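Trainee: Below is one structure. I have some questions about it.
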Amino acid sequence: MHSTLSMQRSLIIGAGLILISEMFLVLSGMTVKYIADDMPVQMIVFFRNFLGILLLVPWLMSNGLSAIRTQKLRFHFMRAGVGVVAMTCLFYSWGHLPLAQAALIKQTAPFFIPVIALIWLGERISTMVKFAIVVGFLGTVFVLNPQDGAMNLAVLIALAGAMLGALAKVTIRRMRDSESPQRIVFYFAFFSAILSAGPATLVWQPVTMIQLFWLLVMAAASTLAQLFLSKAYGMAPAGQLGPFTYGSVAFAALMGWWLWSESLEMNTIAGIVLITLGGVLAVSGPGAKAKS
């Protein structure tokens, strides 16, 4: 009985942390959307990672260099290389799509993860997950909604970002046996800042104090979202917590309507339903607990 109550308590706390993480993620997206018209996305990506490192300095100083000692530097670098491109795609979508649509397409990552894990790690895909993938990508077709024979470029870029984000998450799975969440977040920000510095330099422009303030808000929100997410997955299995990540779509829809008067077309609403259903099936199906 005590064990069951403890598991239920951990699940409730984990779900709460997931929802807090998604709220910070949407806050980050709102900030990107606000400044994207006046600042190139390459600079936004650089500042997100550079300021993220500065925010982690107190943690590094209190724990010492031993906190970042690792035997898997190549995987950290790979994760950052893939992740910085995924982040660029995500930030572009935040700036050029309605908030809810950008948040939704980011949540297609669970459909790519099993395929990547099959190819790279040899993990089998259950029948339930195969069905979930089909449902999810059917929803993606609704969201894409080709008009006049042309796809929405921002949606395609967002979809590419979700696929690369899935690859980054599989890389984390490859490292999780020895790497702490804080170490993973630190190396991601460290390598991503280095990798994004070059593209940012090519489009560099003066940064105002107001822009710097919003960039700091974005970096803090993104870093907190990562830390809360990592903490949540230490509380309960990913298969049980995964469905709560779709809270970001609801938060984004509300904020987009409130601040930018955004509305969603019926095809996008249908896509939201299908992608959310597919995502819940993908992370809750057989094997989800074992892989968490």
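To be explicit about the labels: the chains of the structure tokens are called A, B, and onward in the order shown, and within each one the residues are counted from 1, while ligands get numbers from 1 in the order they are shown.
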Excluding same-chain residues fewer than 2 positions from region 246-255 of chain A, what lies within 8 Å of it counting only C-alpha atoms, as a JSON list (two decimals) with all heavy atoms, in the first residue's frame?

Mentor:
[["chain", "number", "residue", "atom", "x", "y", "z"],
["A", 19, "LEU", "N", 3.99, 19.85, -16.59],
["A", 19, "LEU", "CA", 3.15, 20.99, -16.97],
["A", 19, "LEU", "C", 3.87, 22.31, -16.73],
["A", 19, "LEU", "O", 3.76, 23.24, -17.54],
["A", 19, "LEU", "CB", 1.84, 20.95, -16.18],
["A", 19, "LEU", "CG", 0.89, 19.79, -16.53],
["A", 19, "LEU", "CD1", -0.32, 19.79, -15.61],
["A", 19, "LEU", "CD2", 0.45, 19.88, -17.99],
["A", 22, "GLU", "N", 6.29, 22.69, -19.58],
["A", 22, "GLU", "CA", 5.64, 23.09, -20.82],
["A", 22, "GLU", "C", 5.23, 24.56, -20.78],
["A", 22, "GLU", "O", 5.27, 25.26, -21.81],
["A", 22, "GLU", "CB", 4.41, 22.21, -21.07],
["A", 22, "GLU", "CG", 4.74, 20.74, -21.32],
["A", 22, "GLU", "CD", 5.68, 20.52, -22.50],
["A", 22, "GLU", "OE1", 5.55, 21.24, -23.50],
["A", 22, "GLU", "OE2", 6.56, 19.64, -22.41],
["A", 23, "MET", "N", 4.86, 25.06, -19.61],
["A", 23, "MET", "CA", 4.53, 26.48, -19.49],
["A", 23, "MET", "C", 5.77, 27.34, -19.75],
["A", 23, "MET", "O", 5.69, 28.37, -20.45],
["A", 23, "MET", "CB", 3.97, 26.77, -18.10],
["A", 23, "MET", "CG", 2.59, 26.20, -17.85],
["A", 23, "MET", "SD", 1.95, 26.55, -16.19],
["A", 23, "MET", "CE", 1.81, 28.34, -16.24],
["A", 25, "LEU", "N", 8.29, 26.41, -21.58],
["A", 25, "LEU", "CA", 8.58, 26.25, -23.01],
["A", 25, "LEU", "C", 7.74, 27.22, -23.84],
["A", 25, "LEU", "O", 8.24, 27.87, -24.76],
["A", 25, "LEU", "CB", 8.30, 24.82, -23.44],
["A", 25, "LEU", "CG", 8.47, 24.52, -24.93],
["A", 25, "LEU", "CD1", 9.93, 24.67, -25.34],
["A", 25, "LEU", "CD2", 7.98, 23.13, -25.27],
["A", 26, "VAL", "N", 6.45, 27.32, -23.52],
["A", 26, "VAL", "CA", 5.58, 28.24, -24.24],
["A", 26, "VAL", "C", 6.01, 29.69, -23.99],
["A", 26, "VAL", "O", 5.99, 30.53, -24.91],
["A", 26, "VAL", "CB", 4.11, 28.02, -23.85],
["A", 26, "VAL", "CG1", 3.22, 29.10, -24.47],
["A", 26, "VAL", "CG2", 3.64, 26.64, -24.29],
["A", 99, "LEU", "N", 1.17, 30.26, -32.31],
["A", 99, "LEU", "CA", 1.83, 29.58, -31.19],
["A", 99, "LEU", "C", 1.38, 28.13, -31.04],
["A", 99, "LEU", "O", 2.19, 27.22, -30.87],
["A", 99, "LEU", "CB", 1.56, 30.33, -29.89],
["A", 99, "LEU", "CG", 2.44, 31.54, -29.59],
["A", 99, "LEU", "CD1", 1.96, 32.24, -28.34],
["A", 99, "LEU", "CD2", 3.90, 31.15, -29.46],
["A", 100, "ALA", "N", 0.06, 27.91, -31.11],
["A", 100, "ALA", "CA", -0.46, 26.55, -30.90],
["A", 100, "ALA", "C", 0.01, 25.60, -31.99],
["A", 100, "ALA", "O", 0.33, 24.44, -31.73],
["A", 100, "ALA", "CB", -1.99, 26.58, -30.85],
["A", 101, "GLN", "N", 0.07, 26.10, -33.23],
["A", 101, "GLN", "CA", 0.51, 25.24, -34.34],
["A", 101, "GLN", "C", 1.98, 24.90, -34.20],
["A", 101, "GLN", "O", 2.38, 23.74, -34.43],
["A", 101, "GLN", "CB", 0.25, 25.95, -35.67],
["A", 101, "GLN", "CG", 0.33, 25.02, -36.88],
["A", 101, "GLN", "CD", -0.16, 25.68, -38.15],
["A", 101, "GLN", "OE1", -0.41, 26.89, -38.18],
["A", 101, "GLN", "NE2", -0.28, 24.92, -39.21],
["A", 103, "ALA", "N", 3.71, 24.78, -31.38],
["A", 103, "ALA", "CA", 3.82, 23.87, -30.25],
["A", 103, "ALA", "C", 3.36, 22.47, -30.63],
["A", 103, "ALA", "O", 3.94, 21.47, -30.20],
["A", 103, "ALA", "CB", 2.99, 24.40, -29.07],
["A", 104, "LEU", "N", 2.32, 22.40, -31.45],
["A", 104, "LEU", "CA", 1.78, 21.11, -31.87],
["A", 104, "LEU", "C", 2.78, 20.33, -32.71],
["A", 104, "LEU", "O", 3.02, 19.13, -32.47],
["A", 104, "LEU", "CB", 0.49, 21.32, -32.66],
["A", 104, "LEU", "CG", -0.11, 20.07, -33.32],
["A", 104, "LEU", "CD1", -0.65, 19.13, -32.26],
["A", 104, "LEU", "CD2", -1.21, 20.45, -34.29],
["A", 107, "GLN", "N", 5.41, 18.56, -31.06],
["A", 107, "GLN", "CA", 4.99, 17.34, -30.39],
["A", 107, "GLN", "C", 4.85, 16.14, -31.33],
["A", 107, "GLN", "O", 4.36, 15.09, -30.91],
["A", 107, "GLN", "CB", 3.65, 17.58, -29.67],
["A", 107, "GLN", "CG", 3.71, 18.62, -28.56],
["A", 107, "GLN", "CD", 4.62, 18.19, -27.42],
["A", 107, "GLN", "OE1", 5.06, 17.06, -27.34],
["A", 107, "GLN", "NE2", 4.91, 19.11, -26.51],
["A", 242, "GLY", "N", 4.42, 11.22, -20.53],
["A", 242, "GLY", "CA", 4.43, 11.75, -21.89],
["A", 242, "GLY", "C", 3.18, 12.50, -22.29],
["A", 242, "GLY", "O", 3.27, 13.60, -22.88],
["A", 243, "PRO", "N", 1.98, 11.96, -22.01],
["A", 243, "PRO", "CA", 0.77, 12.67, -22.43],
["A", 243, "PRO", "C", 0.64, 14.09, -21.87],
["A", 243, "PRO", "O", 0.02, 14.95, -22.51],
["A", 243, "PRO", "CB", -0.36, 11.78, -21.88],
["A", 243, "PRO", "CG", 0.23, 10.40, -21.84],
["A", 243, "PRO", "CD", 1.67, 10.63, -21.47],
["A", 244, "PHE", "N", 1.25, 14.35, -20.72],
["A", 244, "PHE", "CA", 1.13, 15.68, -20.13],
["A", 244, "PHE", "C", 1.93, 16.72, -20.90],
["A", 244, "PHE", "O", 1.69, 17.92, -20.74],
["A", 244, "PHE", "CB", 1.59, 15.64, -18.67],
["A", 244, "PHE", "CG", 0.68, 14.86, -17.76],
["A", 244, "PHE", "CD1", 0.95, 13.53, -17.46],
["A", 244, "PHE", "CD2", -0.47, 15.43, -17.24],
["A", 244, "PHE", "CE1", 0.10, 12.80, -16.63],
["A", 244, "PHE", "CE2", -1.32, 14.72, -16.42],
["A", 244, "PHE", "CZ", -1.04, 13.39, -16.11],
["A", 257, "TRP", "N", -4.18, 33.24, -28.57],
["A", 257, "TRP", "CA", -5.49, 33.91, -28.69],
["A", 257, "TRP", "C", -5.53, 35.21, -27.89],
["A", 257, "TRP", "O", -6.03, 36.24, -28.34],
["A", 257, "TRP", "CB", -6.59, 32.96, -28.23],
["A", 257, "TRP", "CG", -7.92, 33.63, -28.03],
["A", 257, "TRP", "CD1", -8.81, 33.99, -29.01],
["A", 257, "TRP", "CD2", -8.49, 34.04, -26.78],
["A", 257, "TRP", "NE1", -9.91, 34.60, -28.44],
["A", 257, "TRP", "CE2", -9.74, 34.64, -27.08],
["A", 257, "TRP", "CE3", -8.08, 33.93, -25.45],
["A", 257, "TRP", "CZ2", -10.58, 35.15, -26.08],
["A", 257, "TRP", "CZ3", -8.91, 34.43, -24.45],
["A", 257, "TRP", "CH2", -10.14, 35.04, -24.77],
["A", 258, "TRP", "N", -4.95, 35.15, -26.67],
["A", 258, "TRP", "CA", -5.02, 36.29, -25.76],
["A", 258, "TRP", "C", -4.13, 37.45, -26.22],
["A", 258, "TRP", "O", -4.57, 38.62, -26.24],
["A", 258, "TRP", "CB", -4.60, 35.83, -24.36],
["A", 258, "TRP", "CG", -4.70, 36.89, -23.29],
["A", 258, "TRP", "CD1", -5.58, 37.94, -23.25],
["A", 258, "TRP", "CD2", -3.88, 37.00, -22.12],
["A", 258, "TRP", "NE1", -5.36, 38.69, -22.12],
["A", 258, "TRP", "CE2", -4.34, 38.15, -21.41],
["A", 258, "TRP", "CE3", -2.83, 36.24, -21.60],
["A", 258, "TRP", "CZ2", -3.75, 38.54, -20.21],
["A", 258, "TRP", "CZ3", -2.27, 36.64, -20.40],
["A", 258, "TRP", "CH2", -2.72, 37.76, -19.72],
["A", 259, "LEU", "N", -2.89, 37.15, -26.63],
["A", 259, "LEU", "CA", -1.93, 38.21, -26.93],
["A", 259, "LEU", "C", -1.87, 38.60, -28.41],
["A", 259, "LEU", "O", -1.57, 39.75, -28.74],
["A", 259, "LEU", "CB", -0.53, 37.79, -26.47],
["A", 259, "LEU", "CG", -0.37, 37.56, -24.95],
["A", 259, "LEU", "CD1", 1.03, 37.05, -24.65],
["A", 259, "LEU", "CD2", -0.64, 38.85, -24.19],
["A", 260, "TRP", "N", -2.11, 37.63, -29.31],
["A", 260, "TRP", "CA", -1.99, 37.92, -30.74],
["A", 260, "TRP", "C", -3.29, 37.71, -31.51],
["A", 260, "TRP", "O", -3.29, 37.79, -32.73],
["A", 260, "TRP", "CB", -0.89, 37.05, -31.35],
["A", 260, "TRP", "CG", 0.49, 37.50, -31.00],
["A", 260, "TRP", "CD1", 1.20, 38.51, -31.59],
["A", 260, "TRP", "CD2", 1.35, 36.98, -29.97],
["A", 260, "TRP", "NE1", 2.43, 38.64, -31.01],
["A", 260, "TRP", "CE2", 2.56, 37.72, -30.01],
["A", 260, "TRP", "CE3", 1.23, 35.95, -29.03],
["A", 260, "TRP", "CZ2", 3.63, 37.47, -29.15],
["A", 260, "TRP", "CZ3", 2.28, 35.72, -28.16],
["A", 260, "TRP", "CH2", 3.45, 36.46, -28.21],
["A", 262, "GLU", "N", -4.83, 35.09, -32.23],
["A", 262, "GLU", "CA", -4.69, 33.98, -33.17],
["A", 262, "GLU", "C", -5.88, 33.04, -33.06],
["A", 262, "GLU", "O", -6.40, 32.79, -31.97],
["A", 262, "GLU", "CB", -3.40, 33.21, -32.91],
["A", 262, "GLU", "CG", -2.14, 34.02, -33.15],
["A", 262, "GLU", "CD", -0.88, 33.26, -32.76],
["A", 262, "GLU", "OE1", -1.00, 32.20, -32.12],
["A", 262, "GLU", "OE2", 0.21, 33.72, -33.10],
["A", 276, "THR", "N", -2.34, 14.59, -31.01],
["A", 276, "THR", "CA", -2.38, 14.36, -29.57],
["A", 276, "THR", "C", -2.75, 12.91, -29.27],
["A", 276, "THR", "O", -2.12, 12.26, -28.42],
["A", 276, "THR", "CB", -3.38, 15.31, -28.88],
["A", 276, "THR", "OG1", -3.01, 16.66, -29.16],
["A", 276, "THR", "CG2", -3.39, 15.09, -27.38]]

Trainee: Within 8 Å of region 53-65 of chain A, counting only C-alpha atoms, which residues show up once you throw out same-chain ones fewer than 6 positions away? Write them as a ChimeraX atom specification, please.

Mentor: /A:186,189-190,220

Trainee: Mind dumping the selected residues with N, CA and C atoms as a PDB file, in the first residue's frame?

Mentor:
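out.pdb, freshly written:
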ATOM      1  N   PHE A 186      24.111  21.346 -19.444  1.00  0.00           N
ATOM      2  CA  PHE A 186      25.305  22.197 -19.538  1.00  0.00           C
ATOM      3  C   PHE A 186      26.017  21.988 -20.865  1.00  0.00           C
ATOM      4  N   ALA A 189      24.155  23.425 -23.877  1.00  0.00           N
ATOM      5  CA  ALA A 189      24.289  24.878 -24.008  1.00  0.00           C
ATOM      6  C   ALA A 189      25.708  25.263 -24.429  1.00  0.00           C
ATOM      7  N   PHE A 190      26.716  24.590 -23.866  1.00  0.00           N
ATOM      8  CA  PHE A 190      28.115  24.908 -24.151  1.00  0.00           C
ATOM      9  C   PHE A 190      28.457  24.679 -25.626  1.00  0.00           C
ATOM     10  N   ALA A 220      16.342  31.947 -19.791  1.00  0.00           N
ATOM     11  CA  ALA A 220      15.953  31.436 -18.475  1.00  0.00           C
ATOM     12  C   ALA A 220      14.779  30.482 -18.590  1.00  0.00           C
TER      13      ALA A 220
END

Trainee: May I have the residues within 12 Å of Gln205 (chain A) as a list in words, using only C-alpha atoms and disregarding those fewer than 3 positions away in the same chain?

Mentor: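 Here the qualifying residues turn out to be Asp38, Met39, Pro40, Val41, Gln42, Met43, Ile44, Ala200, Thr201, Leu202, Thr208 and Gln211 of chain A.
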
Trainee: Write out, as a short mmCIF file (atom, residue, chain, number, x, y, z; two decimals), in the first residue's frame, the residues just selected, with all heavy atoms.

Mentor:
data_model
loop_
_atom_site.label_atom_id
_atom_site.label_comp_id
_atom_site.auth_asym_id
_atom_site.auth_seq_id
_atom_site.Cartn_x
_atom_site.Cartn_y
_atom_site.Cartn_z
N ASP A 38 12.50 41.58 -35.25
CA ASP A 38 13.58 42.57 -35.18
C ASP A 38 14.97 41.95 -35.04
O ASP A 38 15.97 42.68 -35.04
CB ASP A 38 13.35 43.51 -33.99
CG ASP A 38 12.02 44.24 -34.08
OD1 ASP A 38 11.69 44.71 -35.19
OD2 ASP A 38 11.32 44.33 -33.06
N MET A 39 15.05 40.63 -34.93
CA MET A 39 16.34 39.98 -34.72
C MET A 39 16.41 38.67 -35.50
O MET A 39 15.46 37.87 -35.46
CB MET A 39 16.57 39.73 -33.22
CG MET A 39 17.90 39.08 -32.90
SD MET A 39 18.17 38.90 -31.11
CE MET A 39 18.37 40.63 -30.65
N PRO A 40 17.52 38.43 -36.23
CA PRO A 40 17.65 37.16 -36.98
C PRO A 40 17.59 35.96 -36.04
O PRO A 40 18.09 36.01 -34.91
CB PRO A 40 19.04 37.29 -37.63
CG PRO A 40 19.31 38.75 -37.67
CD PRO A 40 18.66 39.32 -36.45
N VAL A 41 17.00 34.88 -36.52
CA VAL A 41 16.84 33.69 -35.69
C VAL A 41 18.20 33.11 -35.28
O VAL A 41 18.33 32.53 -34.19
CB VAL A 41 15.99 32.63 -36.43
CG1 VAL A 41 16.74 32.06 -37.63
CG2 VAL A 41 15.59 31.51 -35.48
N GLN A 42 19.24 33.29 -36.13
CA GLN A 42 20.57 32.79 -35.78
C GLN A 42 21.10 33.44 -34.51
O GLN A 42 21.74 32.79 -33.68
CB GLN A 42 21.56 33.03 -36.94
CG GLN A 42 21.21 32.30 -38.24
CD GLN A 42 20.42 33.18 -39.18
OE1 GLN A 42 19.53 33.93 -38.77
NE2 GLN A 42 20.75 33.11 -40.46
N MET A 43 20.83 34.74 -34.35
CA MET A 43 21.28 35.44 -33.15
C MET A 43 20.47 34.99 -31.93
O MET A 43 21.01 34.86 -30.82
CB MET A 43 21.13 36.96 -33.34
CG MET A 43 22.16 37.57 -34.27
SD MET A 43 21.98 39.39 -34.39
CE MET A 43 22.26 39.89 -32.68
N ILE A 44 19.19 34.76 -32.13
CA ILE A 44 18.34 34.31 -31.02
C ILE A 44 18.83 32.96 -30.51
O ILE A 44 18.92 32.73 -29.29
CB ILE A 44 16.87 34.23 -31.46
CG1 ILE A 44 16.35 35.61 -31.88
CG2 ILE A 44 16.01 33.67 -30.32
CD1 ILE A 44 14.94 35.60 -32.43
N ALA A 200 25.55 33.20 -36.28
CA ALA A 200 25.09 34.46 -35.68
C ALA A 200 25.98 35.62 -36.11
O ALA A 200 25.49 36.73 -36.35
CB ALA A 200 25.09 34.34 -34.16
N THR A 201 27.29 35.37 -36.21
CA THR A 201 28.23 36.42 -36.61
C THR A 201 27.92 36.94 -38.01
O THR A 201 28.06 38.14 -38.29
CB THR A 201 29.67 35.88 -36.57
OG1 THR A 201 29.97 35.43 -35.24
CG2 THR A 201 30.67 36.97 -36.95
N LEU A 202 27.49 36.04 -38.89
CA LEU A 202 27.21 36.42 -40.28
C LEU A 202 26.05 37.40 -40.42
O LEU A 202 25.98 38.15 -41.39
CB LEU A 202 26.93 35.16 -41.12
CG LEU A 202 28.08 34.16 -41.26
CD1 LEU A 202 27.63 32.92 -42.02
CD2 LEU A 202 29.28 34.81 -41.96
N THR A 208 19.75 45.93 -28.49
CA THR A 208 19.32 46.95 -27.54
C THR A 208 19.15 46.33 -26.15
O THR A 208 19.09 45.10 -26.00
CB THR A 208 17.98 47.58 -27.97
OG1 THR A 208 16.95 46.57 -27.90
CG2 THR A 208 18.08 48.10 -29.40
N GLN A 211 15.97 44.32 -25.99
CA GLN A 211 16.12 43.01 -26.63
C GLN A 211 16.92 42.07 -25.74
O GLN A 211 16.59 40.88 -25.63
CB GLN A 211 16.81 43.16 -27.99
CG GLN A 211 15.95 43.78 -29.07
CD GLN A 211 16.71 44.02 -30.35
OE1 GLN A 211 17.91 44.29 -30.33
NE2 GLN A 211 16.02 43.92 -31.48
#

Trainee: Let's see if you can do this: from backbone DSSP, list all helix (DSSP H, G or I) residues in region 21-190 of chain A, as an MDAnalysis selection string.

Mentor: chainID A and resid 21:35 41:63 65:68 73:96 99:106 109:121 127:144 153:175 181:190

Trainee: Using only C-alpha atoms, pick whichever of A:Pro110, A:Gly52, A:Gly83, A:Gly139 has the shortest atom-to-atom distance to Gly161 (chain A).

Mentor: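 Using only C-alpha atoms, the shortest distance to Gly161 (chain A) belongs to A:Gly83.
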
Trainee: Counting only C-alpha atoms, which of A:Leu97, A:Ala80, A:Leu167, A:Ala86 gets nearest to Asn152 (chain A)?

Mentor: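 Of all the options, A:Leu97 lies closest to Asn152 (chain A).
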
Trainee: Kindly indicate which residue among A:Ala193, A:Val155, A:Pro181, A:Leu164 lies nearest to Pro98 (chain A), using only C-alpha atoms for the distances.

Mentor: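 Among the listed residues, A:Val155 lies closest to Pro98 (chain A).
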
Trainee: When distances are computed from only C-alpha atoms, which of A:Arg9, A:Lys33, A:Arg183, A:Lys106 shows the smallest separation from Thr140 (chain A)?

Mentor: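 Smallest separation from Thr140 (chain A) among the options: A:Lys106.
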
Trainee: Which residues are near region 111-123 of chain A? Cut-off 9 Å, only C-alpha atoms, ignore same chain within fewer than 4 positions. Put them as a short mmCIF file (atom, residue, chain, number, x, y, z; two decimals) with all heavy atoms, in the first residue's frame.

Mentor:
data_model
loop_
_atom_site.label_atom_id
_atom_site.label_comp_id
_atom_site.auth_asym_id
_atom_site.auth_seq_id
_atom_site.Cartn_x
_atom_site.Cartn_y
_atom_site.Cartn_z
N GLN A 107 5.41 18.56 -31.06
CA GLN A 107 4.99 17.34 -30.39
C GLN A 107 4.85 16.14 -31.33
O GLN A 107 4.36 15.09 -30.91
CB GLN A 107 3.65 17.58 -29.67
CG GLN A 107 3.71 18.62 -28.56
CD GLN A 107 4.62 18.19 -27.42
OE1 GLN A 107 5.06 17.06 -27.34
NE2 GLN A 107 4.91 19.11 -26.51
N VAL A 129 2.44 1.23 -31.17
CA VAL A 129 3.23 2.39 -31.56
C VAL A 129 3.18 2.60 -33.07
O VAL A 129 3.12 3.74 -33.54
CB VAL A 129 4.69 2.26 -31.07
CG1 VAL A 129 5.56 3.38 -31.61
CG2 VAL A 129 4.74 2.27 -29.54
N LYS A 130 3.18 1.51 -33.83
CA LYS A 130 3.05 1.64 -35.29
C LYS A 130 1.73 2.32 -35.65
O LYS A 130 1.67 3.20 -36.52
CB LYS A 130 3.13 0.26 -35.95
CG LYS A 130 4.51 -0.38 -35.90
CD LYS A 130 4.47 -1.78 -36.52
CE LYS A 130 5.84 -2.46 -36.43
NZ LYS A 130 5.81 -3.85 -36.95
N ALA A 132 0.05 4.29 -33.68
CA ALA A 132 0.15 5.67 -33.20
C ALA A 132 0.88 6.54 -34.21
O ALA A 132 0.51 7.70 -34.44
CB ALA A 132 0.86 5.70 -31.85
N ILE A 133 1.93 6.00 -34.82
CA ILE A 133 2.71 6.75 -35.81
C ILE A 133 1.83 7.10 -37.01
O ILE A 133 1.86 8.23 -37.52
CB ILE A 133 3.95 5.95 -36.24
CG1 ILE A 133 4.94 5.86 -35.07
CG2 ILE A 133 4.62 6.60 -37.45
CD1 ILE A 133 6.11 4.93 -35.35
N VAL A 134 1.05 6.14 -37.46
CA VAL A 134 0.15 6.37 -38.60
C VAL A 134 -0.87 7.47 -38.26
O VAL A 134 -1.09 8.39 -39.05
CB VAL A 134 -0.57 5.07 -39.01
CG1 VAL A 134 -1.64 5.37 -40.07
CG2 VAL A 134 0.42 4.05 -39.53
N GLY A 136 -0.61 9.79 -35.96
CA GLY A 136 0.09 11.06 -35.79
C GLY A 136 0.43 11.73 -37.11
O GLY A 136 0.21 12.95 -37.27
N PHE A 137 0.92 10.96 -38.05
CA PHE A 137 1.29 11.57 -39.32
C PHE A 137 0.06 11.92 -40.17
O PHE A 137 0.11 12.83 -41.00
CB PHE A 137 2.25 10.66 -40.09
CG PHE A 137 3.66 10.75 -39.58
CD1 PHE A 137 4.28 9.67 -39.01
CD2 PHE A 137 4.36 11.95 -39.65
CE1 PHE A 137 5.57 9.76 -38.51
CE2 PHE A 137 5.65 12.05 -39.16
CZ PHE A 137 6.26 10.96 -38.59
N ALA A 162 11.26 18.98 -35.51
CA ALA A 162 10.75 17.91 -34.63
C ALA A 162 11.50 16.61 -34.87
O ALA A 162 11.82 15.88 -33.92
CB ALA A 162 9.25 17.72 -34.88
N MET A 163 11.80 16.31 -36.13
CA MET A 163 12.54 15.09 -36.46
C MET A 163 13.95 15.14 -35.88
O MET A 163 14.42 14.17 -35.27
CB MET A 163 12.60 14.89 -37.97
CG MET A 163 13.33 13.63 -38.41
SD MET A 163 13.30 13.40 -40.20
CE MET A 163 14.27 14.81 -40.73
N LEU A 164 14.62 16.28 -36.02
CA LEU A 164 15.97 16.42 -35.46
C LEU A 164 15.93 16.42 -33.94
O LEU A 164 16.83 15.89 -33.28
CB LEU A 164 16.61 17.71 -35.98
CG LEU A 164 16.94 17.72 -37.48
CD1 LEU A 164 17.33 19.11 -37.93
CD2 LEU A 164 18.04 16.72 -37.79
N GLY A 165 14.87 17.00 -33.37
CA GLY A 165 14.71 16.97 -31.93
C GLY A 165 14.55 15.55 -31.41
O GLY A 165 15.05 15.21 -30.33
N ALA A 166 13.87 14.72 -32.19
CA ALA A 166 13.71 13.31 -31.82
C ALA A 166 15.07 12.61 -31.82
O ALA A 166 15.37 11.80 -30.92
CB ALA A 166 12.76 12.61 -32.80
N LEU A 167 15.90 12.91 -32.81
CA LEU A 167 17.24 12.33 -32.86
C LEU A 167 18.06 12.75 -31.64
O LEU A 167 18.79 11.94 -31.05
CB LEU A 167 17.95 12.75 -34.15
CG LEU A 167 19.40 12.28 -34.33
CD1 LEU A 167 19.50 10.76 -34.22
CD2 LEU A 167 19.96 12.77 -35.67
N LYS A 169 16.87 13.48 -28.71
CA LYS A 169 16.35 12.77 -27.54
C LYS A 169 16.84 11.32 -27.50
O LYS A 169 17.10 10.78 -26.42
CB LYS A 169 14.82 12.81 -27.54
CG LYS A 169 14.26 14.19 -27.23
CD LYS A 169 12.75 14.21 -27.23
CE LYS A 169 12.23 15.60 -26.89
NZ LYS A 169 10.75 15.67 -26.90
N VAL A 170 16.97 10.70 -28.66
CA VAL A 170 17.51 9.34 -28.70
C VAL A 170 18.97 9.36 -28.27
O VAL A 170 19.45 8.42 -27.61
CB VAL A 170 17.36 8.71 -30.10
CG1 VAL A 170 18.02 7.34 -30.16
CG2 VAL A 170 15.88 8.57 -30.46
N ARG A 174 20.91 7.37 -25.17
CA ARG A 174 22.19 6.66 -25.28
C ARG A 174 23.14 7.05 -24.16
O ARG A 174 24.04 6.28 -23.81
CB ARG A 174 22.81 6.98 -26.65
CG ARG A 174 24.13 6.31 -26.93
CD ARG A 174 23.99 4.81 -27.05
NE ARG A 174 25.26 4.20 -27.40
CZ ARG A 174 26.26 3.99 -26.55
NH1 ARG A 174 26.15 4.39 -25.30
NH2 ARG A 174 27.38 3.41 -26.96
N GLY A 278 -2.35 10.28 -31.26
CA GLY A 278 -1.21 9.45 -31.65
C GLY A 278 -0.07 9.56 -30.67
O GLY A 278 0.57 8.55 -30.32
N GLY A 279 0.20 10.77 -30.18
CA GLY A 279 1.28 10.96 -29.22
C GLY A 279 1.02 10.25 -27.91
O GLY A 279 1.92 9.61 -27.35
N ALA A 282 1.55 6.63 -28.49
CA ALA A 282 2.96 6.30 -28.69
C ALA A 282 3.73 6.23 -27.38
O ALA A 282 4.57 5.34 -27.21
CB ALA A 282 3.61 7.34 -29.62
#

Trainee: Between CA of Phe47 (chain A) and CA of Leu216 (chain A), what is the spacing in Å?

Mentor: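 Calculated distance between CA of Leu216 (chain A) and CA of Phe47 (chain A) is 8.0 Å.
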
Trainee: Can you measure CA of Asp37 (chain A) to CA of His96 (chain A) for me? One decimal in Å is fine.

Mentor: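 So the answer is 9.3 Å.
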
Trainee: Give the answer as one residue: which of A:Ala168, A:Leu281, A:Ile12, A:Ile18 has the shortest atom-to-atom distance to Thr127 (chain A), using only C-alpha atoms?

Mentor: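 The closest residue to Thr127 (chain A) is A:Leu281.
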
Trainee: Neighbouring residues of Tyr34 (chain A) were defined as those with any atom within 9 Å, considering only C-alpha atoms; residues of the same chain fewer than 5 positions away were excluded. Please report them as a compact mmCIF listing (two decimals) with all heavy atoms, in the first residue's frame.

Mentor:
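Here's the written file out.txt:
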# COMPACT_ATOMS: atom_id res chain seq x y z
N GLY A 29 8.74 30.36 -26.26
CA GLY A 29 8.21 30.55 -27.62
C GLY A 29 7.56 31.91 -27.80
O GLY A 29 7.71 32.55 -28.84
N GLY A 95 8.36 31.99 -34.58
CA GLY A 95 8.24 33.35 -35.11
C GLY A 95 7.31 33.48 -36.30
O GLY A 95 6.84 34.58 -36.59
N TRP A 214 14.70 40.59 -23.06
CA TRP A 214 13.83 39.52 -23.54
C TRP A 214 14.62 38.26 -23.89
O TRP A 214 14.13 37.14 -23.72
CB TRP A 214 13.00 39.99 -24.74
CG TRP A 214 11.92 40.95 -24.35
CD1 TRP A 214 11.81 42.26 -24.69
CD2 TRP A 214 10.79 40.66 -23.51
NE1 TRP A 214 10.69 42.82 -24.13
CE2 TRP A 214 10.04 41.85 -23.40
CE3 TRP A 214 10.34 39.50 -22.86
CZ2 TRP A 214 8.87 41.91 -22.65
CZ3 TRP A 214 9.17 39.57 -22.11
CH2 TRP A 214 8.44 40.76 -22.02

Trainee: Hey, can you check how far CA of Leu138 (chain A) sits from CA of Ala158 (chain A)?

Mentor: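 Interatomic distance, CA of Leu138 (chain A) to CA of Ala158 (chain A): 16.2 Å.
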